[in-house]
$ cat input-v8.txt   # compact mmCIF, C-alpha atoms
# COMPACT_ATOMS: atom_id res chain seq x y z
CA MET A 26 24.13 68.11 47.44
CA MET A 27 25.81 68.83 50.78
CA SER A 28 24.88 67.90 54.30
CA ARG A 29 22.87 70.41 56.31
CA LYS A 30 25.64 70.93 58.83
CA LEU A 31 28.13 71.70 56.07
CA LEU A 32 25.68 74.08 54.43
CA LYS A 33 25.24 75.78 57.80
CA ALA A 34 29.01 76.05 58.13
CA VAL A 35 29.31 77.59 54.69
CA LEU A 36 26.46 80.08 55.04
CA GLY A 37 26.54 80.85 58.73
CA GLY A 38 29.73 79.70 60.39
CA ALA A 39 33.19 81.11 60.81
CA VAL A 40 33.90 81.72 57.15
CA LEU A 41 35.61 84.31 55.07
CA GLY A 42 33.12 86.61 53.42
CA SER A 43 33.06 89.92 51.70
CA ALA A 44 34.75 91.47 54.72
CA ALA A 45 37.98 89.93 53.49
CA VAL A 46 38.58 92.68 50.98
CA ILE A 47 41.92 93.57 49.56
CA SER A 48 41.96 97.27 48.86
CA ALA A 49 44.92 96.93 46.54
CA LEU A 50 42.94 94.77 44.14
CA PRO A 51 41.54 96.58 41.10
CA SER A 52 37.77 96.83 41.12
CA THR A 53 37.45 95.73 37.52
CA ALA A 54 39.45 94.13 34.76
CA THR A 55 39.71 95.49 31.25
CA ALA A 56 38.02 93.28 28.71
CA LYS A 57 40.31 92.63 25.76
CA THR A 58 38.15 91.21 22.94
CA ALA A 59 37.25 93.38 19.98
CA ASP A 60 33.56 93.41 20.94
CA GLY A 61 34.25 94.31 24.58
CA LYS A 62 33.74 90.87 26.09
CA TYR A 63 35.86 89.30 28.81
CA LEU A 64 38.18 86.74 27.25
CA ILE A 65 38.03 83.65 29.46
CA TYR A 66 39.84 80.38 28.87
CA LEU A 67 38.70 77.06 30.29
CA SER A 68 41.88 75.01 30.54
CA LEU A 69 41.68 71.28 31.20
CA SER A 70 44.54 68.86 31.52
CA TYR A 71 43.18 65.38 32.21
CA SER A 72 39.84 64.93 30.45
CA GLY A 73 37.52 62.30 29.06
CA ASN A 74 35.75 61.00 32.17
CA ASN A 75 32.32 61.92 33.48
CA TRP A 76 33.65 64.26 36.14
CA GLN A 77 35.72 66.38 33.78
CA ASP A 78 32.98 66.51 31.15
CA GLU A 79 30.31 67.55 33.65
CA ALA A 80 32.53 70.18 35.29
CA ALA A 81 33.35 71.65 31.88
CA ASN A 82 29.69 71.61 30.83
CA ILE A 83 28.71 73.54 33.95
CA VAL A 84 31.16 76.31 33.04
CA LYS A 85 29.94 76.36 29.43
CA ALA A 86 26.30 76.55 30.51
CA LEU A 87 26.99 79.39 32.94
CA ALA A 88 28.98 81.34 30.34
CA ALA A 89 25.95 81.10 28.03
CA THR A 90 23.48 82.19 30.72
CA PRO A 91 22.38 85.86 30.82
CA PRO A 92 24.03 88.26 31.39
CA TYR A 93 27.28 86.40 30.73
CA ASP A 94 26.09 85.32 27.29
CA LYS A 95 26.59 88.96 26.24
CA THR A 96 29.75 89.73 28.21
CA VAL A 97 31.91 86.57 28.12
CA GLU A 98 33.84 84.91 25.31
CA LEU A 99 34.73 81.43 26.57
CA LYS A 100 37.32 79.25 24.87
CA GLU A 101 38.07 75.68 25.94
CA VAL A 102 41.50 74.08 25.64
CA ILE A 103 42.24 70.46 26.59
CA SER A 104 45.97 69.81 26.86
CA GLY A 105 46.15 66.24 28.24
CA VAL A 106 48.25 64.78 31.03
CA ASP A 107 51.63 66.16 29.93
CA PRO A 108 52.47 69.14 32.19
CA GLN A 109 54.45 70.82 29.42
CA ALA A 110 51.38 70.78 27.19
CA GLN A 111 49.33 72.70 29.77
CA ILE A 112 52.22 75.10 30.34
CA SER A 113 52.30 75.80 26.61
CA ALA A 114 48.53 76.22 26.59
CA TYR A 115 48.74 78.77 29.41
CA GLU A 116 51.47 80.66 27.54
CA SER A 117 49.29 80.88 24.44
CA MET A 118 46.32 82.10 26.50
CA ILE A 119 48.41 84.81 28.13
CA GLN A 120 49.73 85.93 24.74
CA ALA A 121 46.18 86.01 23.39
CA GLY A 122 45.24 88.57 26.06
CA ALA A 123 43.17 86.43 28.43
CA ASP A 124 41.39 88.29 31.21
CA ALA A 125 41.26 85.11 33.28
CA ILE A 126 41.95 81.40 33.08
CA ILE A 127 39.73 78.92 34.90
CA SER A 128 41.48 75.60 35.04
CA TRP A 129 41.77 72.06 36.31
CA PRO A 130 45.58 71.89 36.76
CA ILE A 131 47.65 68.83 36.00
CA GLY A 132 49.74 69.21 39.16
CA PRO A 133 50.43 71.51 42.10
CA THR A 134 53.89 72.83 41.15
CA ALA A 135 54.59 72.27 37.45
CA LEU A 136 52.53 75.27 36.33
CA ASN A 137 53.82 77.78 38.87
CA ARG A 138 56.32 79.61 36.67
CA VAL A 139 53.89 80.31 33.84
CA ILE A 140 51.12 81.25 36.29
CA ARG A 141 53.46 83.73 37.93
CA GLN A 142 54.28 85.23 34.54
CA GLY A 143 50.62 85.52 33.68
CA CYS A 144 49.75 87.20 36.98
CA LYS A 145 52.43 89.82 36.34
CA GLN A 146 50.70 90.59 33.05
CA GLY A 147 47.32 91.01 34.71
CA VAL A 148 45.83 87.57 34.00
CA LYS A 149 43.86 86.06 36.87
CA PHE A 150 44.10 82.31 37.48
CA PHE A 151 41.30 80.32 39.10
CA MET A 152 41.84 76.61 39.87
CA TYR A 153 38.94 74.32 40.71
CA ASP A 154 39.19 70.96 42.47
CA GLY A 155 42.92 70.60 41.77
CA THR A 156 45.31 73.09 43.34
CA VAL A 157 48.59 74.85 42.66
CA THR A 158 51.13 76.30 45.08
CA GLU A 159 51.68 79.61 43.27
CA PRO A 160 50.28 82.24 45.67
CA CYS A 161 48.92 84.56 42.98
CA ALA A 162 46.33 81.93 41.96
CA TYR A 163 42.91 81.27 43.44
CA ASN A 164 42.37 77.64 44.54
CA ILE A 165 38.72 76.64 45.00
CA SER A 166 38.80 73.04 46.19
CA TYR A 167 37.12 70.56 48.50
CA ILE A 168 40.26 68.45 48.97
CA THR A 169 40.96 69.81 52.46
CA SER A 170 37.40 69.04 53.63
CA GLY A 171 38.20 65.42 54.38
CA PRO A 172 37.01 63.06 51.63
CA GLY A 173 39.81 60.52 52.00
CA GLU A 174 39.70 60.27 55.77
CA ASN A 175 35.91 60.24 56.08
CA THR A 176 35.43 57.49 53.50
CA ALA A 177 38.31 55.52 55.03
CA GLN A 178 36.78 55.75 58.50
CA TYR A 179 33.40 54.67 57.16
CA LEU A 180 35.02 51.58 55.63
CA VAL A 181 36.90 50.84 58.86
CA ASN A 182 33.66 51.08 60.81
CA VAL A 183 31.81 48.75 58.45
CA LEU A 184 34.66 46.22 58.60
CA ASP A 185 34.86 46.50 62.39
CA GLY A 186 38.50 47.48 62.15
CA LYS A 187 39.84 44.42 60.36
CA GLY A 188 40.04 43.08 56.84
CA LYS A 189 41.89 43.17 53.53
CA ILE A 190 41.24 46.17 51.32
CA PHE A 191 42.14 47.66 47.94
CA MET A 192 43.01 51.34 47.48
CA ALA A 193 42.20 52.68 44.01
CA ARG A 194 43.89 56.03 43.52
CA GLY A 195 43.27 58.74 40.91
CA VAL A 196 45.65 60.40 38.45
CA PRO A 197 49.34 60.11 39.45
CA GLY A 198 51.04 63.35 40.47
CA ASN A 199 47.87 65.38 40.99
CA SER A 200 47.24 67.26 44.23
CA VAL A 201 43.70 65.87 44.51
CA ASP A 202 44.91 62.27 44.39
CA GLU A 203 47.74 62.95 46.81
CA ARG A 204 45.49 64.62 49.39
CA HIS A 205 42.85 61.86 49.23
CA TYR A 206 45.47 59.16 49.60
CA ARG A 207 47.19 60.87 52.54
CA GLY A 208 43.90 61.33 54.36
CA ALA A 209 42.83 57.72 53.88
CA LYS A 210 46.23 56.30 54.82
CA TYR A 211 46.24 58.40 57.98
CA ILE A 212 43.08 56.57 59.05
CA PHE A 213 43.97 53.08 57.84
CA ASP A 214 47.40 53.23 59.49
CA GLN A 215 45.71 53.61 62.88
CA TYR A 216 44.14 50.16 62.56
CA PRO A 217 46.59 47.23 62.49
CA GLY A 218 43.73 44.93 61.48
CA ILE A 219 43.28 46.75 58.18
CA LYS A 220 45.61 45.32 55.52
CA VAL A 221 46.03 47.16 52.19
CA VAL A 222 46.73 44.24 49.86
CA ASP A 223 46.66 46.15 46.56
CA THR A 224 46.99 49.79 45.50
CA TYR A 225 46.40 50.82 41.89
CA TYR A 226 45.54 53.90 39.83
CA GLY A 227 41.97 53.92 38.58
CA ARG A 228 42.36 57.46 37.19
CA TRP A 229 38.92 58.45 38.49
CA ASP A 230 37.46 56.57 35.54
CA ASN A 231 34.84 53.81 35.71
CA ALA A 232 36.29 51.78 32.83
CA VAL A 233 39.84 51.93 34.17
CA ASN A 234 38.67 51.14 37.70
CA GLN A 235 36.69 48.16 36.48
CA LYS A 236 39.74 46.76 34.69
CA GLU A 237 42.16 47.39 37.56
CA THR A 238 39.76 46.15 40.22
CA ALA A 239 39.09 43.00 38.23
CA ALA A 240 42.83 42.30 38.14
CA ALA A 241 43.13 42.94 41.88
CA LEU A 242 40.18 40.64 42.59
CA ALA A 243 41.80 37.87 40.57
CA ALA A 244 44.92 38.18 42.73
CA HIS A 245 43.04 38.69 46.02
CA PRO A 246 39.60 37.07 45.80
CA ASP A 247 39.26 37.23 49.59
CA VAL A 248 39.27 41.02 49.77
CA ASP A 249 36.90 42.50 52.38
CA GLY A 250 36.46 46.08 51.20
CA ILE A 251 37.41 48.54 48.46
CA TRP A 252 38.39 52.20 48.80
CA PRO A 253 38.41 53.99 45.42
CA GLU A 254 38.77 57.75 45.12
CA ASP A 255 36.32 57.74 42.23
CA GLY A 256 35.25 55.39 39.45
CA GLU A 257 33.46 53.34 42.11
CA PHE A 258 30.76 52.23 39.67
CA GLY A 259 33.46 50.48 37.63
CA ALA A 260 34.78 48.82 40.79
CA LEU A 261 31.23 47.68 41.55
CA GLN A 262 30.89 46.12 38.09
CA ALA A 263 34.14 44.24 38.65
CA MET A 264 32.78 42.91 41.95
CA ILE A 265 29.52 41.82 40.32
CA ASP A 266 31.45 40.04 37.54
CA ALA A 267 33.66 38.31 40.12
CA LYS A 268 30.64 37.47 42.29
CA ARG A 269 32.38 39.06 45.26
CA ILE A 270 30.27 41.88 46.76
CA VAL A 271 32.01 43.72 49.59
CA PRO A 272 31.65 47.15 51.23
CA LEU A 273 32.62 49.95 48.86
CA VAL A 274 33.05 53.70 49.29
CA GLY A 275 33.38 56.20 46.50
CA GLY A 276 31.99 59.14 44.63
CA THR A 277 28.50 60.37 44.02
CA THR A 278 27.74 58.68 40.70
CA ASN A 279 24.04 58.05 40.32
CA GLY A 280 24.65 54.42 39.38
CA PHE A 281 26.51 53.80 42.62
CA ARG A 282 23.76 55.42 44.65
CA LEU A 283 21.16 53.31 42.86
CA ALA A 284 23.23 50.22 43.68
CA LEU A 285 23.31 51.17 47.37
CA LEU A 286 19.51 51.34 47.25
CA ASN A 287 19.24 48.00 45.41
CA PRO A 288 17.88 45.40 47.89
CA ASN A 289 19.45 42.48 46.03
CA LEU A 290 22.96 43.97 46.16
CA VAL A 291 22.48 45.06 49.74
CA LYS A 292 21.45 41.51 50.65
CA LYS A 293 24.69 40.24 49.06
CA GLY A 294 26.78 42.54 51.23
CA LEU A 295 26.97 45.91 49.52
CA LYS A 296 27.44 48.72 52.00
CA GLY A 297 28.85 52.15 51.28
CA ALA A 298 29.05 55.90 51.44
CA THR A 299 29.13 58.45 48.63
CA SER A 300 31.40 61.48 48.76
CA TYR A 301 34.37 62.99 46.96
CA SER A 302 34.60 65.69 44.39
CA ALA A 303 31.69 67.84 43.24
CA PRO A 304 31.86 68.96 39.59
CA ALA A 305 29.82 71.90 40.89
CA GLN A 306 33.16 73.34 42.09
CA SER A 307 33.81 74.50 38.54
CA GLY A 308 30.57 76.48 38.52
CA TYR A 309 31.27 78.08 41.88
CA THR A 310 34.75 79.04 40.69
CA PHE A 311 33.43 80.50 37.43
CA LYS A 312 30.85 82.63 39.21
CA LEU A 313 33.41 83.81 41.77
CA MET A 314 35.83 84.66 38.97
CA MET A 315 33.21 86.76 37.16
CA GLN A 316 32.21 88.54 40.36
CA ILE A 317 35.86 89.46 40.89
CA LEU A 318 36.40 90.52 37.28
CA THR A 319 33.33 92.73 37.30
CA GLY A 320 34.22 94.30 40.64
CA LYS A 321 31.25 92.87 42.52
CA THR A 322 33.54 90.92 44.84
CA LYS A 323 36.99 91.85 46.13
CA LEU A 324 38.92 88.82 47.31
CA ALA A 325 42.62 88.07 47.56
CA PRO A 326 44.15 85.09 45.75
CA GLY A 327 44.53 82.11 48.05
CA ASN A 328 43.07 78.77 49.10
CA TYR A 329 39.33 78.46 49.67
CA GLN A 330 37.56 75.33 50.89
CA TYR A 331 34.53 73.98 49.05
CA PRO A 332 32.18 71.84 51.21
CA LEU A 333 32.45 68.06 51.17
CA PRO A 334 29.60 66.24 49.42
CA TRP A 335 28.43 63.39 51.63
CA ALA A 336 25.63 60.86 51.80
CA ASN A 337 26.03 57.41 53.29
CA GLN A 338 23.73 54.52 52.49
CA ASP A 339 21.14 55.49 55.09
CA GLU A 340 20.98 59.08 53.79
CA LEU A 341 20.09 58.27 50.19
CA LYS A 342 16.63 59.28 48.98
CA MET A 343 15.17 58.44 45.57
CA CYS A 344 13.79 61.33 43.53
CA LYS A 345 10.36 61.06 41.92
CA GLY A 346 11.37 62.86 38.74
CA GLY A 347 14.37 64.16 36.85
CA ASP A 348 15.67 66.73 39.30
CA PHE A 349 16.63 67.13 42.95
CA VAL A 350 13.59 68.39 44.85
CA ASP A 351 12.20 67.85 48.36
CA GLY A 352 15.53 66.64 49.72
CA CYS A 353 16.05 63.74 47.29
CA ASN A 354 19.58 63.00 46.11
CA THR A 355 19.35 60.00 43.73
CA LEU A 356 17.76 60.07 40.29
CA PRO A 357 15.61 57.14 39.09
CA GLU A 358 17.20 54.60 36.79
CA GLY A 359 17.18 55.70 33.16
CA VAL A 360 16.99 59.43 33.86
CA VAL A 361 20.77 59.89 33.59
CA PRO A 362 23.68 57.59 32.70
CA ASN A 363 24.98 55.50 35.59
CA GLY A 364 28.19 57.53 35.54
CA PHE A 365 26.37 60.83 36.06
CA ILE A 366 27.77 62.56 39.14
CA ASP A 367 24.98 63.74 41.40
CA ALA A 368 27.27 66.28 43.08
CA SER A 369 27.19 68.25 39.83
CA LEU A 370 23.92 69.71 41.09
CA ASP A 371 23.85 72.27 43.87
CA SER A 372 20.75 74.40 44.28
CA THR A 373 22.46 76.67 46.81
CA PHE A 374 25.48 77.66 44.74
CA LEU A 375 24.24 76.91 41.22
CA PRO A 376 20.47 77.49 40.94
CA GLU A 377 21.04 78.18 37.23
CA ILE A 378 22.07 74.58 36.52
CA ASN A 379 19.94 71.47 35.99
CA VAL A 380 20.59 67.93 34.79
CA GLN A 381 20.40 68.82 31.11
CA ALA A 382 22.84 71.69 31.52
CA VAL A 383 25.32 69.30 33.15
CA LEU A 384 24.90 66.76 30.35
CA THR A 385 24.97 69.17 27.40
CA GLY A 386 26.71 72.37 28.43
CA LYS A 387 23.69 74.38 27.30
CA PRO A 388 22.03 77.03 29.48
CA VAL A 389 18.69 76.45 31.16
CA PRO A 390 16.01 78.49 29.35
CA GLY A 391 14.69 81.37 31.42
CA LYS A 392 17.51 81.27 33.99
CA THR A 393 19.79 84.20 34.81
CA ILE A 394 22.99 84.25 36.83
CA GLN A 395 22.38 84.57 40.56
CA PRO A 396 25.07 85.97 42.90
CA LEU A 397 26.90 83.53 45.13
CA PRO A 398 25.49 83.40 48.66
CA GLU A 399 27.29 85.43 51.28
CA PRO A 400 29.50 84.90 53.11
CA LEU A 401 31.84 83.23 50.65
CA LEU A 402 33.86 80.08 51.24
CA GLY A 403 36.26 79.93 54.16
CA LYS A 404 40.02 79.70 53.88
CA ALA A 405 41.42 76.22 53.34
CA PRO A 406 44.16 74.77 55.59
CA ASN A 407 47.74 74.87 54.38
CA MET A 408 49.07 71.81 52.60
CA PRO A 409 52.79 72.31 51.79
CA GLY A 410 53.51 71.08 48.30
CA LEU A 411 49.84 70.90 47.42
CA ASN A 412 48.37 74.38 47.85
CA CYS A 413 51.32 76.36 49.23
CA ASP A 414 55.12 76.22 49.37
CA LYS A 415 56.55 78.46 52.06
CA CYS A 416 53.95 77.59 54.64
CA LYS A 417 53.63 75.57 57.80
CA ALA A 418 51.60 72.39 57.62
CA GLU A 419 48.54 71.99 59.77
CA PRO A 420 48.94 69.33 62.50
CA ALA A 421 47.79 65.92 61.26
CA ALA A 422 45.11 65.80 63.93
CA ASP A 423 43.63 69.00 62.46
CA MET A 424 44.38 68.32 58.82
CA TYR A 425 42.69 64.91 58.85
CA LYS A 426 39.94 65.71 61.30
CA LEU A 427 36.79 63.68 60.67
CA THR A 428 33.76 65.80 59.77
CA GLU A 429 31.11 63.29 58.67
CA VAL A 430 31.96 59.98 60.34
CA LYS A 431 32.58 59.08 63.96
CA PRO A 432 34.83 56.08 64.71
CA THR A 433 32.94 53.09 65.99
CA VAL A 434 36.19 51.12 66.38
CA ALA A 435 38.96 52.39 68.64
CA PRO A 436 42.28 53.07 66.85
CA GLY A 437 44.88 50.41 67.45
CA LYS A 438 42.30 47.64 67.45

$ encode --input "input-v8.txt" --output "structure tokens"
Amino acid sequence: MMSRKLLKAVLGGAVLGSAAVISALPSTATAKTADGKYLIYLSLSYSGNNWQDEAANIVKALAATPPYDKTVELKEVISGVDPQAQISAYESMIQAGADAIISWPIGPTALNRVIRQGCKQGVKFFMYDGTVTEPCAYNISYITSGPGENTAQYLVNVLDGKGKIFMARGVPGNSVDERHYRGAKYIFDQYPGIKVVDTYYGRWDNAVNQKETAAALAAHPDVDGIWPEDGEFGALQAMIDAKRIVPLVGGTTNGFRLALLNPNLVKKGLKGATSYSAPAQSGYTFKLMMQILTGKTKLAPGNYQYPLPWANQDELKMCKGGDFVDGCNTLPEGVVPNGFIDASLDSTFLPEINVQAVLTGKPVPGKTIQPLPEPLLGKAPNMPGLNCDKCKAEPAADMYKLTEVKPTVAPGK
């Protein structure tokens, strides 16, 4: 789910739509499988957490939804956290005659050479969430929409500009982690009263975050707030075990949202906001890729900004059933696992997807692929080393501009 003002910006603001056509682009791609289907590879590097599983399941469900069930051959490859393994996987996909590769990349620069080689051979590369700096690739990512800085400012506001905090980062070396961390540090550094007493890598995983947060709590039992990029439900469990409940920001896991609505935890001091990455990015990217391959959309490779999911504690609304209807954004306990990421669902971009599709990777009976709403996503700001190389960085004041939170504490206080 996205805020109404972000939805308005996406569908009605100054965005890049179908007018941004590149006449040099071919209108169609030639399918290369024996039965005439488009050969598409889903390439994952880091895998095994809820986010990656749900994002992959969305792609699988869409590929099995009419008409793509008759026109797409989808193959999944998980290469792990070694960049060379994903490079080798890309090389094999190119040699196999891939029409396109949709991928969560291990890092922004390590894959550039092989991507460039693939582009020269007619393979199209579409990155979701994570980004690369090779200009022939499409980057569809929310990372420039301000998750790190908005969650950091929310925590600063709640703490009235002073207190000891932990920063739980994601996967080392990834563009998503780097962008979140930079945005949050930009905010925290403006407040001398905020002291970062421990920084650790939670790898966007609840189990890892629980373990690392527990260790940090043992060393700093007087912490006042925790800023994790994701895996916040694990951090919450560590706090409950340590009997130290403090303000916490993080992702959109249903368990975390339920906790923020839990009167007992709220009474003990739990305050927070839910944001960060939407697994729905993978679905948007897949649909955009297919629209480009089939000639329905002409769009140049480049960086495109996916909207920031956001709901703070006061904006959470419990659903009555097992789906998001009537503006609700939190599923009742027991409907989904606590680690289920509510931002996997997006009725605007992915009306073909429901909870079961996200959990299983199977298509929703009776659904057919709907075109993406026009105009399409706007261009993302330049981030040298993260989504571009030979480019000028946006000014920090613009790059880290707050979109969802207003400061209630003056910087320098």

$ closest_residue --input "input-v8.txt" --among "A:Asn412, A:Thr176, A:Ser68, A:Gln215" --to "Pro334 (chain A)" --atoms "all atoms listed in the file"
A:Thr176

$ atom_distance --input "input-v8.txt" --atom1 "CA of Tyr167 (chain A)" --atom2 "CA of Pro400 (chain A)"
16.9 Å

$ closest_atom_pairs --input "input-v8.txt" --of "region 57-92 of chain A" --to "region 309-318 of chain A" --cutoff "12 Å" --atoms "all atoms listed in the file" --output "CSV"
residue,atom,partner,partner_atom,distance
A:Lys62,CA,A:Leu318,CA,11.5
A:Tyr63,CA,A:Leu318,CA,8.6
A:Leu64,CA,A:Leu318,CA,10.9
A:Ile65,CA,A:Met315,CA,9.6
A:Tyr66,CA,A:Phe311,CA,10.7
A:Leu67,CA,A:Phe311,CA,9.5
A:Ala80,CA,A:Tyr309,CA,10.4
A:Ala81,CA,A:Phe311,CA,10.4
A:Asn82,CA,A:Phe311,CA,11.7
A:Ile83,CA,A:Phe311,CA,9.1
A:Val84,CA,A:Phe311,CA,6.5
A:Lys85,CA,A:Phe311,CA,9.7
A:Ala86,CA,A:Phe311,CA,10.7
A:Leu87,CA,A:Phe311,CA,7.9
A:Ala88,CA,A:Phe311,CA,8.4
A:Thr90,CA,A:Lys312,CA,11.3
A:Pro92,CA,A:Met315,CA,10.9

$ write_last_selection --input "input-v8.txt" --atoms "C-alpha atoms" --output "tab-separated table (two decimals), keeping the file's coordinate frame"
chain	number	residue	atom	x	y	z
A	62	LYS	CA	33.74	90.87	26.09
A	63	TYR	CA	35.86	89.30	28.81
A	64	LEU	CA	38.18	86.74	27.25
A	65	ILE	CA	38.03	83.65	29.46
A	66	TYR	CA	39.84	80.38	28.87
A	67	LEU	CA	38.70	77.06	30.29
A	80	ALA	CA	32.53	70.18	35.29
A	81	ALA	CA	33.35	71.65	31.88
A	82	ASN	CA	29.69	71.61	30.83
A	83	ILE	CA	28.71	73.54	33.95
A	84	VAL	CA	31.16	76.31	33.04
A	85	LYS	CA	29.94	76.36	29.43
A	86	ALA	CA	26.30	76.55	30.51
A	87	LEU	CA	26.99	79.39	32.94
A	88	ALA	CA	28.98	81.34	30.34
A	90	THR	CA	23.48	82.19	30.72
A	92	PRO	CA	24.03	88.26	31.39

$ residues_around --input "input-v8.txt" --residues "Gly280 (chain A)" --least-positions-apart "3" --cutoff "10 Å" --atoms "only C-alpha atoms" --output "list in words"
Glu257, Phe258, Gly259, Leu261, Thr277, Leu283, Ala284, Leu285, Leu286, Thr355, Leu356, Pro357, Glu358, Gly359, Val361, Pro362, Asn363, Gly364, Phe365, Ile366 and Asp367 of chain A

$ closest_residue --input "input-v8.txt" --among "A:Asn407, A:Asn75, A:Gln338, A:Ser70" --to "Tyr179 (chain A)" --atoms "only C-alpha atoms"
A:Gln338

$ residues_around --input "input-v8.txt" --residues "Leu427 (chain A)" --least-positions-apart "5" --cutoff "12 Å" --atoms "all atoms listed in the file" --output "list of chain:residue names"
A:Thr169, A:Ser170, A:Gly171, A:Pro172, A:Gly173, A:Glu174, A:Asn175, A:Thr176, A:Ala177, A:Gln178, A:Tyr179, A:Gly208, A:Ala209, A:Tyr211, A:Ile212, A:Leu333, A:Ala421, A:Ala422, A:Pro432

$ atom_distance --input "input-v8.txt" --atom1 "CA of Lys210 (chain A)" --atom2 "CA of Lys189 (chain A)"
13.9 Å

$ residues_around --input "input-v8.txt" --residues "Ser200 (chain A)" --least-positions-apart "6" --cutoff "12 Å" --atoms "only C-alpha atoms" --output "VMD selection string"
chain A and resid 129 to 135 152 to 158 164 166 to 169 194 206 to 207 408 to 413

$ residues_around --input "input-v8.txt" --residues "region 232-241 of chain A" --least-positions-apart "6" --cutoff "8 Å" --atoms "all atoms listed in the file" --output "ChimeraX atom specification"
/A:191,193,223,225-226,256-264,267

$ build_atoms --input "input-v8.txt" --residues "region 96-101 of chain A" --atoms "all heavy atoms" --output "short mmCIF file (atom, residue, chain, number, x, y, z; two decimals), in the frame of the given file"
data_model
loop_
_atom_site.label_atom_id
_atom_site.label_comp_id
_atom_site.auth_asym_id
_atom_site.auth_seq_id
_atom_site.Cartn_x
_atom_site.Cartn_y
_atom_site.Cartn_z
N THR A 96 28.54 89.08 27.69
CA THR A 96 29.75 89.73 28.21
C THR A 96 30.97 88.82 28.27
O THR A 96 32.07 89.29 28.59
CB THR A 96 29.49 90.29 29.62
OG1 THR A 96 29.14 89.22 30.50
CG2 THR A 96 28.37 91.32 29.61
N VAL A 97 30.81 87.53 27.99
CA VAL A 97 31.91 86.57 28.12
C VAL A 97 32.16 85.85 26.80
O VAL A 97 31.22 85.37 26.15
CB VAL A 97 31.61 85.53 29.22
CG1 VAL A 97 32.64 84.40 29.20
CG2 VAL A 97 31.58 86.18 30.59
N GLU A 98 33.41 85.79 26.41
CA GLU A 98 33.84 84.91 25.31
C GLU A 98 34.66 83.79 25.94
O GLU A 98 35.75 84.02 26.46
CB GLU A 98 34.68 85.67 24.28
CG GLU A 98 35.15 84.78 23.12
CD GLU A 98 35.94 85.52 22.07
OE1 GLU A 98 35.77 86.75 21.96
OE2 GLU A 98 36.74 84.88 21.36
N LEU A 99 34.10 82.58 25.92
CA LEU A 99 34.73 81.43 26.57
C LEU A 99 35.36 80.53 25.52
O LEU A 99 34.72 80.15 24.54
CB LEU A 99 33.70 80.64 27.37
CG LEU A 99 34.22 79.41 28.11
CD1 LEU A 99 35.10 79.83 29.30
CD2 LEU A 99 33.07 78.53 28.60
N LYS A 100 36.62 80.17 25.76
CA LYS A 100 37.32 79.25 24.87
C LYS A 100 37.86 78.09 25.70
O LYS A 100 38.50 78.29 26.73
CB LYS A 100 38.47 79.96 24.16
CG LYS A 100 38.01 81.08 23.22
CD LYS A 100 39.17 81.67 22.44
CE LYS A 100 38.70 82.74 21.47
NZ LYS A 100 39.82 83.28 20.67
N GLU A 101 37.62 76.88 25.23
CA GLU A 101 38.07 75.68 25.94
C GLU A 101 39.31 75.10 25.29
O GLU A 101 39.39 75.00 24.06
CB GLU A 101 36.96 74.62 25.96
CG GLU A 101 37.34 73.34 26.69
CD GLU A 101 36.27 72.27 26.60
OE1 GLU A 101 35.55 72.26 25.58
OE2 GLU A 101 36.16 71.46 27.53
#
